[in-house]
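**Q** See start02.csv below, with CSV, C-alpha atoms.
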chain,number,residue,atom,x,y,z
A,275,MET,CA,148.9,177.3,144.4
A,276,ASN,CA,146.0,175.0,144.8
A,277,TYR,CA,143.1,175.5,142.5
A,278,GLU,CA,139.8,173.7,142.9
A,279,THR,CA,138.2,172.5,139.8
A,280,SER,CA,134.5,173.1,139.5
A,281,THR,CA,131.7,172.3,137.1
A,282,ILE,CA,128.4,173.7,136.5
A,283,ASP,CA,125.5,171.3,136.7
A,284,ALA,CA,122.4,171.3,134.6
A,285,ASP,CA,120.7,173.7,137.0
A,286,GLY,CA,123.5,176.3,136.7
A,287,ARG,CA,125.0,175.5,140.1
A,288,LEU,CA,128.8,175.3,140.5
A,289,LEU,CA,130.0,171.9,141.6
A,290,THR,CA,133.4,171.2,143.0
A,291,ASP,CA,135.5,168.2,141.6
A,292,GLY,CA,134.9,164.9,143.3
A,293,THR,CA,131.3,165.7,144.3
A,294,PRO,CA,128.8,163.1,143.0
A,295,PRO,CA,126.1,164.3,140.8
A,296,PRO,CA,122.6,164.6,142.2
A,297,PRO,CA,120.3,161.5,141.9
A,298,SER,CA,118.1,163.1,139.2
A,299,ARG,CA,121.0,162.9,136.7
A,300,ARG,CA,121.7,159.3,137.2
A,301,ARG,CA,118.0,158.4,136.7
A,302,ARG,CA,118.1,160.2,133.4
A,303,TRP,CA,121.0,158.1,132.1
A,304,ILE,CA,119.3,154.9,133.2
A,305,VAL,CA,116.1,155.8,131.4
A,306,ILE,CA,118.1,156.6,128.2
A,307,GLY,CA,119.8,153.2,128.4
A,308,VAL,CA,116.6,151.3,128.8
A,309,LEU,CA,115.0,153.1,125.9
A,310,VAL,CA,118.0,152.2,123.7
A,311,LEU,CA,117.8,148.5,124.7
A,312,LEU,CA,114.0,148.4,124.0
A,313,GLY,CA,114.5,150.0,120.7
A,314,GLY,CA,117.1,147.4,119.8
A,315,LEU,CA,114.8,144.5,120.8
A,316,LEU,CA,112.0,146.0,118.8
A,317,ALA,CA,114.1,146.3,115.7
A,318,TRP,CA,115.3,142.7,116.0
A,319,TYR,CA,111.8,141.4,116.4
A,320,LEU,CA,110.6,143.3,113.3
A,321,MET,CA,113.6,142.3,111.2
A,322,ARG,CA,113.8,138.6,112.2
A,323,PRO,CA,113.4,135.9,109.4
A,324,LYS,CA,109.9,134.3,109.1
A,325,PRO,CA,109.7,130.5,109.8
A,326,ALA,CA,108.7,129.7,106.2
A,327,GLU,CA,111.8,131.5,104.9
A,328,VAL,CA,114.3,129.6,107.0
A,329,ASP,CA,116.7,127.5,105.0
A,330,PRO,CA,116.5,123.9,106.3
A,331,LEU,CA,120.2,123.5,105.5
A,332,LYS,CA,121.1,126.5,107.6
A,333,GLY,CA,120.7,127.0,111.3
A,334,ASP,CA,120.2,124.5,114.0
A,335,GLY,CA,116.7,123.0,114.5
A,336,ALA,CA,115.2,125.0,111.6
A,337,ARG,CA,112.1,123.3,110.0
A,338,SER,CA,110.4,124.0,106.7
A,339,THR,CA,106.6,124.1,106.6
A,340,GLN,CA,106.4,124.1,102.8
A,341,ILE,CA,103.5,121.8,101.5
A,342,PRO,CA,104.9,119.1,99.0
A,343,SER,CA,103.4,118.9,95.5
A,344,ILE,CA,102.6,115.3,94.3
A,345,SER,CA,101.1,113.7,91.2
A,346,VAL,CA,97.7,112.0,91.6
A,347,ALA,CA,95.3,110.3,89.2
A,348,VAL,CA,91.8,109.0,89.1
A,349,PRO,CA,92.2,105.4,87.6
A,350,GLY,CA,88.6,104.8,86.8
A,351,ARG,CA,87.6,101.2,85.8
A,352,ASP,CA,88.8,99.4,82.7
A,353,THR,CA,88.4,95.9,81.3
A,354,VAL,CA,91.5,94.0,82.5
A,355,ARG,CA,92.3,90.8,80.7
A,356,THR,CA,93.9,87.8,82.5
A,357,ILE,CA,96.8,86.9,80.3
A,358,ILE,CA,98.7,83.5,80.6
A,359,SER,CA,102.0,83.3,79.0
A,360,GLY,CA,103.5,80.1,77.6
A,361,THR,CA,106.1,78.7,75.2
A,362,GLY,CA,106.1,75.7,73.0
A,363,SER,CA,106.7,74.4,69.5
A,364,LEU,CA,104.9,74.8,66.2
A,365,ALA,CA,103.4,72.0,64.2
A,366,ALA,CA,100.8,71.2,61.5
A,367,ARG,CA,97.4,70.9,63.1
A,368,ARG,CA,96.6,67.9,60.9
A,369,GLU,CA,99.7,66.4,59.3
A,370,MET,CA,99.1,63.8,56.6
A,371,PRO,CA,101.9,61.3,55.9
A,372,ILE,CA,101.7,60.0,52.3
A,373,GLY,CA,103.3,56.8,51.1
A,374,VAL,CA,102.8,54.3,48.3
A,375,VAL,CA,99.3,53.1,47.9
A,376,GLY,CA,99.7,50.7,45.1
A,377,GLU,CA,102.3,48.1,44.0
A,378,GLY,CA,104.9,50.8,43.5
A,379,GLY,CA,107.7,50.8,40.9
A,380,LEU,CA,110.1,53.2,39.3
A,381,VAL,CA,109.5,56.9,40.1
A,382,THR,CA,109.5,58.8,36.8
A,383,ALA,CA,108.7,62.4,38.0
A,384,VAL,CA,108.2,64.3,41.2
A,385,LEU,CA,105.8,67.2,40.6
A,386,VAL,CA,105.8,69.2,43.8
A,387,GLU,CA,108.3,70.8,46.2
A,388,PRO,CA,108.1,71.6,49.9
A,389,GLY,CA,106.0,74.8,50.3
A,390,SER,CA,103.7,74.0,47.4
A,391,TRP,CA,100.0,74.1,47.7
A,392,VAL,CA,98.2,71.1,46.3
A,393,ARG,CA,94.5,70.1,45.8
A,394,ALA,CA,92.8,66.8,46.7
A,395,GLY,CA,93.7,64.2,44.0
A,396,GLN,CA,96.6,66.1,42.6
A,397,VAL,CA,99.5,63.9,41.4
A,398,LEU,CA,102.6,64.4,43.6
A,399,ALA,CA,104.8,61.8,41.9
A,400,SER,CA,104.4,59.5,38.9
A,401,VAL,CA,105.5,55.9,38.8
A,402,ASP,CA,106.4,54.0,35.6
A,403,ARG,CA,103.4,51.9,34.4
A,404,SER,CA,104.5,50.4,31.0
A,405,VAL,CA,104.0,46.8,32.1
A,406,GLN,CA,100.7,47.5,33.8
A,407,THR,CA,99.4,49.3,30.7
A,408,GLU,CA,100.1,46.2,28.6
A,409,SER,CA,98.3,44.0,31.1
A,410,ALA,CA,95.3,46.3,30.9
A,411,GLU,CA,95.3,46.1,27.1
A,412,ALA,CA,95.3,42.3,27.3
A,413,LEU,CA,92.3,42.4,29.7
A,414,ALA,CA,90.5,44.8,27.4
A,415,ALA,CA,90.9,42.4,24.5
A,416,GLN,CA,89.5,39.5,26.6
A,417,VAL,CA,86.5,41.7,27.3
A,418,ARG,CA,85.9,42.2,23.6
A,419,VAL,CA,86.2,38.4,23.0
A,420,ALA,CA,83.7,37.6,25.8
A,421,ARG,CA,81.3,40.2,24.4
A,422,ALA,CA,81.5,38.6,21.0
A,423,ASP,CA,80.9,35.1,22.4
A,424,ALA,CA,77.9,36.4,24.3
A,425,GLN,CA,76.5,38.0,21.2
A,426,ILE,CA,76.8,34.7,19.2
A,427,ALA,CA,75.2,32.7,22.0
A,428,ASP,CA,72.3,35.2,22.2
A,429,SER,CA,71.7,35.0,18.4
A,430,GLU,CA,71.7,31.2,18.5
A,431,LEU,CA,69.2,31.2,21.3
A,432,LYS,CA,66.8,33.5,19.4
A,433,ARG,CA,66.9,31.3,16.3
A,434,ALA,CA,66.2,28.2,18.4
A,435,GLN,CA,63.2,29.8,20.0
A,436,GLN,CA,61.8,30.5,16.5
A,437,LEU,CA,62.2,26.9,15.4
A,438,VAL,CA,60.9,25.2,18.5
A,439,ASP,CA,57.3,25.9,17.7
A,440,ARG,CA,57.8,24.2,14.3
A,441,GLY,CA,59.1,21.1,15.9
A,442,PHE,CA,62.6,21.3,14.5
A,443,ILE,CA,64.3,21.8,17.8
A,444,SER,CA,63.3,20.4,21.2
A,445,LYS,CA,62.8,22.4,24.3
A,446,ALA,CA,65.9,20.8,25.8
A,447,ASP,CA,68.0,22.3,23.1
A,448,VAL,CA,66.5,25.7,23.8
A,449,GLU,CA,67.3,25.4,27.5
A,450,ARG,CA,70.9,24.4,26.6
A,451,ARG,CA,71.3,27.4,24.3
A,452,THR,CA,69.9,29.6,27.0
A,453,ALA,CA,72.4,28.4,29.5
A,454,THR,CA,75.2,28.9,27.0
A,455,ARG,CA,74.0,32.5,26.4
A,456,ASP,CA,73.9,33.2,30.2
A,457,ALA,CA,77.4,31.8,30.7
A,458,ALA,CA,78.8,34.0,27.9
A,459,ARG,CA,77.3,37.1,29.5
A,460,ALA,CA,78.8,36.1,32.8
A,461,ARG,CA,82.2,35.8,31.2
A,462,VAL,CA,81.8,39.3,29.9
A,463,SER,CA,81.1,40.6,33.4
A,464,VAL,CA,84.2,38.8,34.7
A,465,ALA,CA,86.4,40.2,32.0
A,466,GLU,CA,85.1,43.7,32.6
A,467,ALA,CA,85.7,43.4,36.3
A,468,GLN,CA,89.3,42.2,35.8
A,469,LEU,CA,89.9,45.1,33.4
A,470,GLY,CA,88.4,47.6,35.9
A,471,GLU,CA,90.6,46.2,38.7
A,472,THR,CA,93.7,46.5,36.6
A,473,ARG,CA,92.9,50.1,35.6
A,474,ALA,CA,92.3,51.0,39.2
A,475,ARG,CA,95.6,49.5,40.3
A,476,ASN,CA,97.3,51.5,37.5
A,477,ARG,CA,95.7,54.7,38.8
A,478,ARG,CA,97.0,54.0,42.2
A,479,LEU,CA,100.6,53.8,40.9
A,480,ASP,CA,100.7,57.6,41.0
A,481,ILE,CA,101.1,59.2,44.4
A,482,ARG,CA,98.3,61.7,44.9
A,483,ALA,CA,97.3,64.2,47.6
A,484,PRO,CA,94.4,62.9,49.7
A,485,ALA,CA,93.2,66.5,50.6
A,486,ASP,CA,94.0,70.2,49.9
A,487,GLY,CA,97.0,71.3,51.9
A,488,LEU,CA,100.6,72.6,52.1
A,489,VAL,CA,103.5,70.3,51.3
A,490,LEU,CA,105.8,70.3,54.2
A,491,ALA,CA,108.4,67.7,53.2
A,492,ARG,CA,109.2,65.2,50.4
A,493,ALA,CA,111.5,62.2,50.6
A,494,VAL,CA,111.5,60.8,47.0
A,495,GLU,CA,113.4,61.6,43.9
A,496,PRO,CA,113.0,60.6,40.2
A,497,GLY,CA,114.6,57.2,39.5
A,498,GLN,CA,113.9,55.9,43.0
A,499,ILE,CA,112.2,52.5,43.4
A,500,VAL,CA,109.2,52.6,45.7
A,501,GLY,CA,106.9,50.0,46.9
A,502,GLY,CA,104.1,49.2,49.4
A,503,GLY,CA,105.1,49.5,53.1
A,504,GLN,CA,107.9,51.9,52.3
A,505,ALA,CA,108.6,55.0,54.5
A,506,VAL,CA,106.6,58.2,54.1
A,507,LEU,CA,107.4,60.0,50.9
A,508,PHE,CA,105.5,63.3,51.5
A,509,ARG,CA,104.1,65.2,54.4
A,510,ILE,CA,101.2,67.6,53.9
A,511,ALA,CA,99.5,70.0,56.4
A,512,MET,CA,95.8,69.7,55.8
A,513,GLY,CA,94.4,73.0,54.6
A,514,GLY,CA,97.7,74.6,55.6
A,515,GLN,CA,96.5,75.0,59.2
A,516,MET,CA,99.1,75.2,61.9
A,517,GLU,CA,99.1,75.0,65.7
A,518,MET,CA,101.2,75.8,68.7
A,519,ARG,CA,101.6,73.3,71.5
A,520,ALA,CA,102.0,75.6,74.5
A,521,GLN,CA,103.6,74.1,77.6
A,522,LEU,CA,101.7,75.5,80.6
A,523,ALA,CA,101.9,74.9,84.4
A,524,GLU,CA,99.1,72.8,85.9
A,525,SER,CA,97.6,75.9,87.7
A,526,ASP,CA,97.5,77.9,84.5
A,527,LEU,CA,96.1,75.1,82.4
A,528,ALA,CA,93.1,74.8,84.8
A,529,ARG,CA,92.1,78.4,83.9
A,530,ILE,CA,92.1,77.9,80.2
A,531,ARG,CA,89.0,76.9,78.2
A,532,THR,CA,88.5,75.8,74.6
A,533,GLY,CA,87.9,78.8,72.3
A,534,ALA,CA,90.0,81.2,74.4
A,535,PRO,CA,91.7,83.8,72.1
A,536,ALA,CA,95.5,83.8,71.9
A,537,GLU,CA,98.4,85.5,70.1
A,538,VAL,CA,101.5,83.5,69.0
A,539,THR,CA,104.8,85.1,68.2
A,540,PRO,CA,107.3,82.8,66.6
A,541,VAL,CA,111.0,83.2,67.2
A,542,GLY,CA,112.5,85.6,64.7
A,543,SER,CA,109.3,87.6,64.1
A,544,THR,CA,107.8,90.6,65.9
A,545,THR,CA,104.3,90.2,64.4
A,546,PRO,CA,102.0,88.0,66.4
A,547,VAL,CA,99.5,85.6,64.7
A,548,LYS,CA,96.0,85.5,66.2
A,549,GLY,CA,94.4,82.1,66.9
A,550,GLU,CA,92.4,80.3,69.5
A,551,VAL,CA,92.8,77.3,71.9
A,552,TRP,CA,91.1,74.3,70.2
A,553,GLN,CA,92.2,71.6,72.7
A,554,VAL,CA,93.3,71.5,76.3
A,555,SER,CA,95.3,68.5,77.3
A,556,PRO,CA,93.3,66.1,79.6
A,557,ILE,CA,96.5,64.9,81.2
A,558,ILE,CA,99.5,66.4,83.1
A,559,ASP,CA,103.0,65.2,82.8
A,560,PRO,CA,103.9,63.7,86.2
A,561,GLN,CA,107.5,64.7,85.8
A,562,THR,CA,107.2,68.3,84.7
A,563,ARG,CA,103.8,69.0,86.2
A,564,GLN,CA,102.9,70.7,82.9
A,565,GLY,CA,100.2,70.2,80.3
A,566,ILE,CA,99.7,71.2,76.7
A,567,ALA,CA,97.2,73.8,75.3
A,568,ARG,CA,96.9,73.4,71.5
A,569,ILE,CA,96.3,76.8,69.7
A,570,ALA,CA,94.9,76.6,66.2
A,571,LEU,CA,96.5,79.1,63.8
A,572,PRO,CA,95.9,80.1,60.2
A,573,TYR,CA,98.6,79.8,57.6
A,574,SER,CA,101.4,82.3,57.9
A,575,GLN,CA,104.9,82.4,56.3
A,576,SER,CA,106.4,83.1,59.8
A,577,LEU,CA,104.9,79.8,61.1
A,578,ARG,CA,107.3,76.9,60.5
A,579,PRO,CA,106.6,73.5,62.0
A,580,GLY,CA,109.2,72.5,64.4
A,581,GLY,CA,110.0,76.1,65.3
A,582,PHE,CA,109.7,77.7,68.8
A,583,ALA,CA,107.2,80.4,69.7
A,584,ALA,CA,105.7,82.3,72.7
A,585,ALA,CA,102.0,82.6,73.3
A,586,GLN,CA,99.7,85.0,75.2
A,587,ILE,CA,96.4,83.4,76.1
A,588,VAL,CA,93.4,85.3,77.3
A,589,ALA,CA,92.1,83.3,80.3
A,590,GLY,CA,89.4,85.8,81.3
A,591,ALA,CA,88.5,89.5,81.8
A,592,ALA,CA,87.3,91.7,84.6
A,593,VAL,CA,86.4,95.3,85.1
A,594,ALA,CA,88.7,96.9,87.7
A,595,PRO,CA,90.9,99.9,88.4
A,596,GLN,CA,94.4,99.7,87.0
A,597,LEU,CA,97.4,101.6,88.4
A,598,PRO,CA,101.1,101.9,87.6
A,599,GLU,CA,103.4,99.7,89.7
A,600,SER,CA,104.9,102.8,91.4
A,601,ALA,CA,101.5,103.6,93.0
A,602,VAL,CA,101.2,100.3,94.8
A,603,LEU,CA,103.3,99.9,98.0
A,604,SER,CA,103.6,97.1,100.5
A,605,ASP,CA,104.7,96.5,104.0
A,606,THR,CA,104.2,93.9,106.7
A,607,LYS,CA,100.5,94.6,106.7
A,608,GLY,CA,100.1,93.9,103.0
A,609,ASN,CA,99.6,96.0,99.9
A,610,PHE,CA,98.3,99.5,100.0
A,611,VAL,CA,98.1,102.9,98.2
A,612,TYR,CA,97.8,106.5,99.3
A,613,VAL,CA,94.8,108.5,98.4
A,614,VAL,CA,94.2,112.2,98.8
A,615,ASP,CA,90.9,113.1,100.4
A,616,ALA,CA,88.8,116.3,100.0
A,617,LYS,CA,91.0,118.2,102.5
A,618,ASN,CA,94.1,117.3,100.4
A,619,GLN,CA,95.4,115.1,103.2
A,620,VAL,CA,97.0,111.7,102.5
A,621,GLN,CA,95.2,108.6,103.6
A,622,ARG,CA,96.3,105.0,103.5
A,623,ARG,CA,94.1,102.5,101.7
A,624,ASP,CA,94.7,98.8,101.9
A,625,VAL,CA,94.1,97.0,98.5
A,626,ARG,CA,94.2,93.5,97.1
A,627,ILE,CA,96.0,93.3,93.7
A,628,GLY,CA,94.9,91.2,90.8
A,629,GLU,CA,96.7,90.7,87.4
A,630,VAL,CA,100.1,92.3,86.9
A,631,SER,CA,100.9,93.0,83.2
A,632,ASP,CA,102.8,95.5,81.1
A,633,GLY,CA,99.8,97.9,81.4
A,634,GLY,CA,100.1,98.1,85.2
A,635,VAL,CA,98.6,96.4,88.3
A,636,SER,CA,94.9,95.8,88.5
A,637,ILE,CA,93.2,96.4,91.9
A,638,ALA,CA,90.9,93.5,92.8
A,639,SER,CA,89.4,95.2,95.9
A,640,GLY,CA,90.0,98.3,98.0
A,641,LEU,CA,89.3,101.0,95.3
A,642,ASP,CA,86.3,101.8,93.2
A,643,GLY,CA,88.2,103.9,90.7
A,644,THR,CA,87.0,107.4,91.7
A,645,GLU,CA,89.7,108.1,94.3
A,646,ARG,CA,92.7,110.4,93.8
A,647,VAL,CA,95.6,108.0,94.1
A,648,VAL,CA,99.2,109.1,94.6
A,649,LEU,CA,101.2,107.8,91.6
A,650,SER,CA,104.7,108.0,93.1
A,651,ALA,CA,106.7,109.2,96.1
A,652,GLY,CA,104.3,107.4,98.4
A,653,GLY,CA,107.3,106.2,100.4
A,654,PHE,CA,108.0,109.8,101.5
A,655,LEU,CA,104.5,110.5,102.7
A,656,ALA,CA,102.7,109.8,106.0
A,657,PRO,CA,99.0,109.4,106.7
A,658,GLY,CA,97.3,112.7,107.6
A,659,GLN,CA,100.0,114.8,105.8
A,660,LYS,CA,98.7,117.7,103.9
A,661,VAL,CA,99.8,117.9,100.2
A,662,LYS,CA,99.3,119.9,97.1
A,663,PRO,CA,97.9,117.4,94.5
A,664,THR,CA,98.4,117.8,90.7
A,665,LEU,CA,96.0,115.7,88.7
A,666,VAL,CA,97.6,113.8,85.7
A,667,LYS,CA,96.3,111.2,83.3
A,668,ILE,CA,97.5,107.6,83.4
A,669,GLU,CA,99.0,106.4,80.2
A,670,ARG,CA,97.7,103.0,79.1
For the structure just supplied, provide its representation as C-alpha cells.
**A**
Amino acid sequence: MNYETSTIDADGRLLTDGTPPPPSRRRRWIVIGVLVLLGGLLAWYLMRPKPAEVDPLKGDGARSTQIPSISVAVPGRDTVRTIISGTGSLAARREMPIGVVGEGGLVTAVLVEPGSWVRAGQVLASVDRSVQTESAEALAAQVRVARADAQIADSELKRAQQLVDRGFISKADVERRTATRDAARARVSVAEAQLGETRARNRRLDIRAPADGLVLARAVEPGQIVGGGQAVLFRIAMGGQMEMRAQLAESDLARIRTGAPAEVTPVGSTTPVKGEVWQVSPIIDPQTRQGIARIALPYSQSLRPGGFAAAQIVAGAAVAPQLPESAVLSDTKGNFVYVVDAKNQVQRRDVRIGEVSDGGVSIASGLDGTERVVLSAGGFLAPGQKVKPTLVKIER
C-alpha cells in the first residue's frame, strides 16, 4: 500500500511530502539568521580590547599610546670655576745653599739634622779654633802695649807743656812730644783693628744659618776638614716655604694670572694643600711647548722637595647653568639638550658647552637656567613628543 506523508503547516493546513513551504516561512528563517548575525557583531564590538590595553608584544601591528615618564630638572645658574690641571715637581721656594764662609778647619760638631727648624745666626756646625784663639790673645796683648805707650807719651807731653812757659823746654821739644803721643795713639788704633779682624774671622769659622728656615739637607760630619770654596754643606728652605713647578701647555699658561688660587696634592697624600700662583714663566720650552707656573705653598709635612704632585689651578669663574653629562647630546648639527615646554612636549635646544668638570657640564649659551631640561633618555625622544615629566634636583 502506498501512503502519502503529510505535515501540518503553521496555519493548520495539511501539506503533502515534497511540497515546498510557502514563501512566508522562508522569510521568517532569513530574518532570524540576520538578527543572530547582528547580535554576534554587536557583542564582538562591545567586548573588543581597547587600543591602550593592547600588548605591544602581541598581535600584528599593535601600537601603544602610553605617555613615557622622564626625569627633568631646572638647573638654575651657579658660579662655575675654570679649572686647569697640571703636574710637576715640588721644591723649596727659596733654597739657600750654605758653605764655609771663613778659612775653615776641622769640624768639631754638627748641631742640626735635616728637618730641623733654625733661626737666623744659629750655629749649624762648629770648627776648631784653638790656633785662631791664641792669635787673638797675642793681638789683644799688643793692644794693651800700644795703649800703655800712648799713655806714657801723653803724660810726657803734658809735663813738657807745663815747662815750656818757664823756659826749660823749647817749643820744638813740645812739638816732638806731641807727634810721639799721636803716633802712640795711632798704634793703639792699628792694634785694636787687627784684634777686631781676628775675632771676626774666628766668629766666621762657625757655619751659621743666614735666615730662619727649614734644614733640607746636610753634607758634613764631625772630624771633616772644610775650607773656603768647598761644596755646599747645608741646604735650607727660607721660612720653610715650598712651591710646586707645574708644567702646563702653552694655551693653559696663557689663561693663568699671578695670584690665582690653586690646590696641590702630592703623591701619596689625599689632602690638598692650598696655595697661589706667584710666578708665571715668561718663556715656553720650544721642544715640549710647555711653560711653568710656580705655585707658592706653606710648609706641610706632606710636601717634600723633589717629589711629584698634581695641581688644580682656578683660571677664572663665570655664572652659568650646569648639567650632568647625560643631559647633553650631540649630533652632526652640534650639541643640544631636550627641554619640556608648558604643554609637556619635548623641544630641542641647541647649546654651546663651556667647562667640563667632575661637577658636570657648564652651558655657555643656549639656556638661561629656568628651563625644564631632560636629564637622561634623551636619545629615545623626538621633538614634539608628549611626555610625563618628573622634577628632580641635580646633585652638585
**Q** Could you pull the residues within 8 Å of Gly652 (chain A), counting all atoms listed in the file, minus those fewer than 6 positions along the same chain, as a ChimeraX atom specification?
**A** /A:601,603,611-612
**Q** Go ahead and dump the residues you just picked, C-alpha atoms, as a short mmCIF file (atom, residue, chain, number, x, y, z; two decimals), in the frame of the given file.
**A**
data_model
loop_
_atom_site.label_atom_id
_atom_site.label_comp_id
_atom_site.auth_asym_id
_atom_site.auth_seq_id
_atom_site.Cartn_x
_atom_site.Cartn_y
_atom_site.Cartn_z
CA ALA A 601 101.50 103.60 93.00
CA LEU A 603 103.30 99.90 98.00
CA VAL A 611 98.10 102.90 98.20
CA TYR A 612 97.80 106.50 99.30
#
**Q** Show which residues sit within 12 Å of Met512 (chain A), as an MDAnalysis selection string. Count all atoms listed in the file, and ignore same-chain residues fewer than 5 positions away.
**A** chainID A and resid 365:372 391:394 483:490 517 572:573
**Q** Neighbours of region 662-668 of chain A within 7 Å (all atoms listed in the file; same-chain residues fewer than 2 positions away dropped), as a list in words?
**A**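 Everything that qualifies: Ile341, Pro342, Ser343, Ile344, Ser345, Val346, Ala347, Asn618 and Arg670 of chain A.
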**Q** Keeping only C-alpha atoms, write those residues as a PDB file, in the coordinates of the input.
**A**
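Written output follows (part-v4.pdb):
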ATOM      1  CA  ILE A 341     103.500 121.800 101.500  1.00  0.00           C
ATOM      2  CA  PRO A 342     104.900 119.100  99.000  1.00  0.00           C
ATOM      3  CA  SER A 343     103.400 118.900  95.500  1.00  0.00           C
ATOM      4  CA  ILE A 344     102.600 115.300  94.300  1.00  0.00           C
ATOM      5  CA  SER A 345     101.100 113.700  91.200  1.00  0.00           C
ATOM      6  CA  VAL A 346      97.700 112.000  91.600  1.00  0.00           C
ATOM      7  CA  ALA A 347      95.300 110.300  89.200  1.00  0.00           C
ATOM      8  CA  ASN A 618      94.100 117.300 100.400  1.00  0.00           C
ATOM      9  CA  ARG A 670      97.700 103.000  79.100  1.00  0.00           C
TER      10      ARG A 670
END
**Q** Mind giving me the straight-line distance from CA of Ala583 (chain A) to CA of Thr545 (chain A) in Å, one decimal?
**A** 11.5 Å
**Q** Hey, can you check how far CA of Glu645 (chain A) sits from CA of Val613 (chain A)?
**A**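 According to the coordinates, CA of Glu645 (chain A) and CA of Val613 (chain A) are separated by 6.6 Å.
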**Q** The residues within 12 Å of (105.3, 55.5, 48.0), using only C-alpha atoms and the coordinates of the file, should be reported as a PyMOL selection string; which are they?
**A** chain A and resi 371-381+384+398-401+478-483+492-495+498-509
**Q** Show me the residues around (103.8, 71.8, 73.2) - criterion: an atom at most 8 Å away, only C-alpha atoms counted - as a list in words.
**A**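 Checking each residue against the 8 Å limit leaves Thr361, Gly362, Ser363, Leu364, Met518, Arg519, Ala520, Gln521, Ile566, Ala567 and Arg568 of chain A.
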**Q** Would you tabulate, counting only C-alpha atoms, all residues of region 543-602 of chain A that have an atom at most 10 Å from an atom of region 350-356 of chain A, showing the closest pair of atoms and their distance in Å to one decimal, sorted by chain then ascending number, as CSV?
**A**
residue,atom,partner,partner_atom,distance
A:Gln586,CA,A:Thr356,CA,9.7
A:Ile587,CA,A:Thr356,CA,8.2
A:Val588,CA,A:Thr356,CA,5.8
A:Ala589,CA,A:Thr356,CA,5.3
A:Gly590,CA,A:Thr356,CA,5.1
A:Ala591,CA,A:Arg355,CA,4.2
A:Ala592,CA,A:Val354,CA,5.2
A:Val593,CA,A:Thr353,CA,4.3
A:Ala594,CA,A:Arg351,CA,4.8
A:Pro595,CA,A:Arg351,CA,4.4
A:Gln596,CA,A:Arg351,CA,7.1
A:Leu597,CA,A:Gly350,CA,9.5
